[in-house]
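Data block below; observations after.
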Amino acid sequence: EFGGSVDLTSQSVDASSYIKYWPWLRSFFWGFDEHALPLNGRVWMPEGSGPFPLVLIVHGNHLMEQFSDEGYAYLGELLASRGFIAVSVDENFLNYSVWANIPNQDMKVRAWVLLQHLQQISAFNDQAGSPFYNKVDLQNVALIGHSRGGQAVAMAADRSRWFASDASLKRLGDIRIQAVIGIAPTDKTVDKQLAALKDTYYLTLQGANDGDVDTYTGERQYIRSAFSPGSDRFKAALYIAQANHSRFNTEWGTMDDSLPGGLLLTQDGMMAAADQQQIAMVYVSALLEVALHGNTHYKELF
């Protein structure tokens, strides 16, 4: 999809100032290295002239050969139907491989690639003839991430902590990230720092039967999210009985660990994937209705 049949061509980005470990086998598989990372995404766009709020969705760490970006179509379709431009971001090339390991600083680069996507979409928004032309409300942006992606979106929203001196991100000044959603997010220290959100809507979802991120680390980001006195913004945390890690992504199967280890994880009493995704659809869309459309009726859900 991101080759000859692509609908819109983006610019590659040079991540060599961050990535110092990129094995030749990884270049052989992908056809590029850290000097030319692609900005690939699957887009669901509402009908109409807009402008529409923008929502980026990003996966976490999975085998790089088993692509993850297709797994959030259920969210993309729903959000487009409710008046949001939704983009499922491809970061498969930053994922682990049995034979090519994982790039160093992958957590930081995951956040950095998201910021590069925002800049690219901003450029498309100014480009006559682009499907994005004058359709994107860059003052109303939300980031959704799953697993390591859930940490990456918080890092991107708190970008000055890691990227203040990065000249390649100079186009971000007119973009406002209003909301962050972490689905079973990790919460690892990066450069001895952790993201701390201020005046940003925050929602985290966690399955009680998560066999991968098996500690409720989204609560840590929840605790580090603060608001100015008098703010009507809020944060929320949802702990979901019988939900696991993988079923939030339709491409990750039913097990939270790869074979053969995944066979040792019990699935007795596990929630059906469709039900787990339905919960995500309800809470994610409700938070975005409040944060990006100003529809306060949905506050009662939280």
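In the structure tokens, chains take letters A, B, ... by order of appearance, with residues numbered from 1 within each chain and ligands from 1 in the order shown.
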Neighbours of stretch 51-58 of chain A within 9 Å (only C-alpha atoms; same-chain residues fewer than 4 positions away dropped), as a PyMOL selection string? chain A and resi 45-46+68-69+72+75-76+79+83-91+110+114+117-118+134-146+148-150+152-153+288+292-293
Per residue of stretch 62-128 of chain A within 9 Å of stretch 179-202 of chain A, which atom pair is closest and at what distance in Å (one decimal), using only C-alpha atoms, listed by chain and increasing number, as a tab-separated table?
residue	atom	partner	partner_atom	distance
A:Gln105	CA	A:Val190	CA	8.4
A:Met107	CA	A:Val190	CA	7.5
A:Lys108	CA	A:Val190	CA	7.2
Hey, what's within 10 Å of A:Glu65 if we count only C-alpha atoms and toss same-chain stuff fewer than 5 positions away? As a PDB file with all heavy atoms, in the first residue's frame, please?
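Output file selection-v2.pdb follows:
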ATOM      1  N   PHE A  29      15.462  -5.755   4.448  1.00  0.00           N
ATOM      2  CA  PHE A  29      14.026  -6.048   4.517  1.00  0.00           C
ATOM      3  C   PHE A  29      13.195  -4.847   4.063  1.00  0.00           C
ATOM      4  O   PHE A  29      12.262  -4.986   3.269  1.00  0.00           O
ATOM      5  CB  PHE A  29      13.634  -6.442   5.944  1.00  0.00           C
ATOM      6  CG  PHE A  29      12.177  -6.788   6.101  1.00  0.00           C
ATOM      7  CD1 PHE A  29      11.711  -8.060   5.811  1.00  0.00           C
ATOM      8  CD2 PHE A  29      11.265  -5.837   6.541  1.00  0.00           C
ATOM      9  CE1 PHE A  29      10.364  -8.379   5.951  1.00  0.00           C
ATOM     10  CE2 PHE A  29       9.918  -6.137   6.685  1.00  0.00           C
ATOM     11  CZ  PHE A  29       9.470  -7.411   6.390  1.00  0.00           C
ATOM     12  N   TRP A  30      13.552  -3.642   4.558  1.00  0.00           N
ATOM     13  CA  TRP A  30      12.719  -2.472   4.316  1.00  0.00           C
ATOM     14  C   TRP A  30      13.094  -1.712   3.041  1.00  0.00           C
ATOM     15  O   TRP A  30      12.256  -1.013   2.475  1.00  0.00           O
ATOM     16  CB  TRP A  30      12.778  -1.513   5.513  1.00  0.00           C
ATOM     17  CG  TRP A  30      12.094  -2.052   6.726  1.00  0.00           C
ATOM     18  CD1 TRP A  30      12.682  -2.527   7.871  1.00  0.00           C
ATOM     19  CD2 TRP A  30      10.683  -2.204   6.917  1.00  0.00           C
ATOM     20  NE1 TRP A  30      11.727  -2.957   8.756  1.00  0.00           N
ATOM     21  CE2 TRP A  30      10.494  -2.775   8.198  1.00  0.00           C
ATOM     22  CE3 TRP A  30       9.566  -1.920   6.132  1.00  0.00           C
ATOM     23  CZ2 TRP A  30       9.228  -3.053   8.702  1.00  0.00           C
ATOM     24  CZ3 TRP A  30       8.301  -2.194   6.640  1.00  0.00           C
ATOM     25  CH2 TRP A  30       8.145  -2.758   7.908  1.00  0.00           C
ATOM     26  N   ASN A  92       6.081   0.421  11.800  1.00  0.00           N
ATOM     27  CA  ASN A  92       6.515  -0.975  11.824  1.00  0.00           C
ATOM     28  C   ASN A  92       8.024  -1.108  11.726  1.00  0.00           C
ATOM     29  O   ASN A  92       8.619  -2.017  12.314  1.00  0.00           O
ATOM     30  CB  ASN A  92       5.856  -1.747  10.673  1.00  0.00           C
ATOM     31  CG  ASN A  92       4.363  -1.897  10.854  1.00  0.00           C
ATOM     32  OD1 ASN A  92       3.919  -2.613  11.736  1.00  0.00           O
ATOM     33  ND2 ASN A  92       3.587  -1.215  10.031  1.00  0.00           N
ATOM     34  N   PHE A  93       8.661  -0.197  11.014  1.00  0.00           N
ATOM     35  CA  PHE A  93      10.108  -0.257  10.805  1.00  0.00           C
ATOM     36  C   PHE A  93      10.899   0.044  12.077  1.00  0.00           C
ATOM     37  O   PHE A  93      12.111  -0.130  12.108  1.00  0.00           O
ATOM     38  CB  PHE A  93      10.512   0.706   9.686  1.00  0.00           C
ATOM     39  CG  PHE A  93       9.924   2.085   9.828  1.00  0.00           C
ATOM     40  CD1 PHE A  93      10.519   3.044  10.620  1.00  0.00           C
ATOM     41  CD2 PHE A  93       8.748   2.404   9.160  1.00  0.00           C
ATOM     42  CE1 PHE A  93       9.965   4.304  10.750  1.00  0.00           C
ATOM     43  CE2 PHE A  93       8.180   3.670   9.277  1.00  0.00           C
ATOM     44  CZ  PHE A  93       8.792   4.622  10.082  1.00  0.00           C
ATOM     45  N   ASN A  95       9.943  -1.475  14.950  1.00  0.00           N
ATOM     46  CA  ASN A  95       9.609  -2.593  15.821  1.00  0.00           C
ATOM     47  C   ASN A  95      10.701  -3.661  15.846  1.00  0.00           C
ATOM     48  O   ASN A  95      11.617  -3.667  15.028  1.00  0.00           O
ATOM     49  CB  ASN A  95       8.276  -3.208  15.403  1.00  0.00           C
ATOM     50  CG  ASN A  95       7.093  -2.418  15.938  1.00  0.00           C
ATOM     51  OD1 ASN A  95       7.258  -1.484  16.727  1.00  0.00           O
ATOM     52  ND2 ASN A  95       5.894  -2.794  15.519  1.00  0.00           N
ATOM     53  N   TYR A  96      10.536  -4.562  16.770  1.00  0.00           N
ATOM     54  CA  TYR A  96      11.508  -5.639  17.009  1.00  0.00           C
ATOM     55  C   TYR A  96      11.460  -6.676  15.896  1.00  0.00           C
ATOM     56  O   TYR A  96      10.403  -6.962  15.321  1.00  0.00           O
ATOM     57  CB  TYR A  96      11.216  -6.309  18.351  1.00  0.00           C
ATOM     58  CG  TYR A  96      12.082  -7.508  18.649  1.00  0.00           C
ATOM     59  CD1 TYR A  96      13.391  -7.345  19.081  1.00  0.00           C
ATOM     60  CD2 TYR A  96      11.583  -8.801  18.476  1.00  0.00           C
ATOM     61  CE1 TYR A  96      14.186  -8.439  19.349  1.00  0.00           C
ATOM     62  CE2 TYR A  96      12.378  -9.901  18.748  1.00  0.00           C
ATOM     63  CZ  TYR A  96      13.680  -9.717  19.175  1.00  0.00           C
ATOM     64  OH  TYR A  96      14.474 -10.815  19.430  1.00  0.00           O
ATOM     65  N   SER A  97      12.617  -7.248  15.584  1.00  0.00           N
ATOM     66  CA  SER A  97      12.714  -8.377  14.669  1.00  0.00           C
ATOM     67  C   SER A  97      13.597  -9.442  15.296  1.00  0.00           C
ATOM     68  O   SER A  97      14.631  -9.118  15.898  1.00  0.00           O
ATOM     69  CB  SER A  97      13.304  -7.932  13.330  1.00  0.00           C
ATOM     70  OG  SER A  97      13.621  -9.053  12.531  1.00  0.00           O
ATOM     71  N   VAL A  98      13.225 -10.696  15.140  1.00  0.00           N
ATOM     72  CA  VAL A  98      14.028 -11.788  15.687  1.00  0.00           C
ATOM     73  C   VAL A  98      15.427 -11.789  15.083  1.00  0.00           C
ATOM     74  O   VAL A  98      16.416 -12.090  15.750  1.00  0.00           O
ATOM     75  CB  VAL A  98      13.329 -13.146  15.424  1.00  0.00           C
ATOM     76  CG1 VAL A  98      14.231 -14.306  15.837  1.00  0.00           C
ATOM     77  CG2 VAL A  98      12.002 -13.208  16.179  1.00  0.00           C
TER      78      VAL A  98
END
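With only C-alpha atoms as the basis for measurement, A:Leu169 is the residue among A:Ala280, A:Leu169, A:Ala80, A:Ala208 that approaches A:Asp14 most closely.
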Test item: residues at most 8 Å from A:Met281, only C-alpha atoms, excluding those fewer than 2 positions along its chain, as a PDB file with N, CA and C atoms, in the first residue's frame:
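Listing of around_37.pdb after writing:
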ATOM      1  N   TYR A  74     -10.959   0.002  12.755  1.00  0.00           N
ATOM      2  CA  TYR A  74     -12.249   0.136  13.436  1.00  0.00           C
ATOM      3  C   TYR A  74     -12.371   1.494  14.113  1.00  0.00           C
ATOM      4  N   LEU A  75     -11.258   2.026  14.616  1.00  0.00           N
ATOM      5  CA  LEU A  75     -11.265   3.371  15.198  1.00  0.00           C
ATOM      6  C   LEU A  75     -11.274   4.435  14.096  1.00  0.00           C
ATOM      7  N   LEU A  78     -14.767   4.813  12.546  1.00  0.00           N
ATOM      8  CA  LEU A  78     -15.685   5.452  13.492  1.00  0.00           C
ATOM      9  C   LEU A  78     -15.402   6.944  13.604  1.00  0.00           C
ATOM     10  N   GLN A 277     -12.905  -4.059  21.594  1.00  0.00           N
ATOM     11  CA  GLN A 277     -12.796  -2.941  20.649  1.00  0.00           C
ATOM     12  C   GLN A 277     -13.991  -2.005  20.758  1.00  0.00           C
ATOM     13  N   GLN A 278     -15.160  -2.551  21.081  1.00  0.00           N
ATOM     14  CA  GLN A 278     -16.337  -1.705  21.274  1.00  0.00           C
ATOM     15  C   GLN A 278     -16.130  -0.758  22.452  1.00  0.00           C
ATOM     16  N   ILE A 279     -15.549  -1.255  23.530  1.00  0.00           N
ATOM     17  CA  ILE A 279     -15.266  -0.399  24.689  1.00  0.00           C
ATOM     18  C   ILE A 279     -14.315   0.718  24.295  1.00  0.00           C
ATOM     19  N   TYR A 283     -15.245   4.880  24.526  1.00  0.00           N
ATOM     20  CA  TYR A 283     -14.535   5.834  25.383  1.00  0.00           C
ATOM     21  C   TYR A 283     -13.620   6.756  24.588  1.00  0.00           C
ATOM     22  N   VAL A 284     -12.971   6.236  23.565  1.00  0.00           N
ATOM     23  CA  VAL A 284     -12.092   7.078  22.745  1.00  0.00           C
ATOM     24  C   VAL A 284     -12.905   8.149  22.030  1.00  0.00           C
ATOM     25  N   SER A 285     -14.003   7.749  21.389  1.00  0.00           N
ATOM     26  CA  SER A 285     -14.798   8.739  20.648  1.00  0.00           C
ATOM     27  C   SER A 285     -15.443   9.746  21.588  1.00  0.00           C
TER      28      SER A 285
END
Write out as a VMD selection string the set of residues from stretch 111-233 of chain A that DSSP, computed on the backbone, places in helix (DSSP H, G or I). chain A and resid 111 to 125 148 to 157 160 to 163 167 to 174 218 to 223
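Near A:Thr254, within 10 Å and counting only C-alpha atoms, sit Asn244, His245, Ser246, Arg247, Phe248, Asn249, Thr250, Glu251, Trp252, Asp256, Asp257, Gly262, Gln267, Met270, Ala272 and Ala273 of chain A, not including residues fewer than 2 positions from it in the same chain.
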Extract the full set of strand (DSSP E) residues from stretch 93-228 of chain A according to DSSP on the backbone, and format it as a PyMOL selection string. chain A and resi 136-146+177-183+201-207
Write out as a VMD selection string each polymer residue whose atoms come within 10 Å of stretch 299-302 of chain A, counting only C-alpha atoms; drop sequence neighbours fewer than 5 positions from it. chain A and resid 203 233 to 238 282 to 283 286 to 287 289 to 291
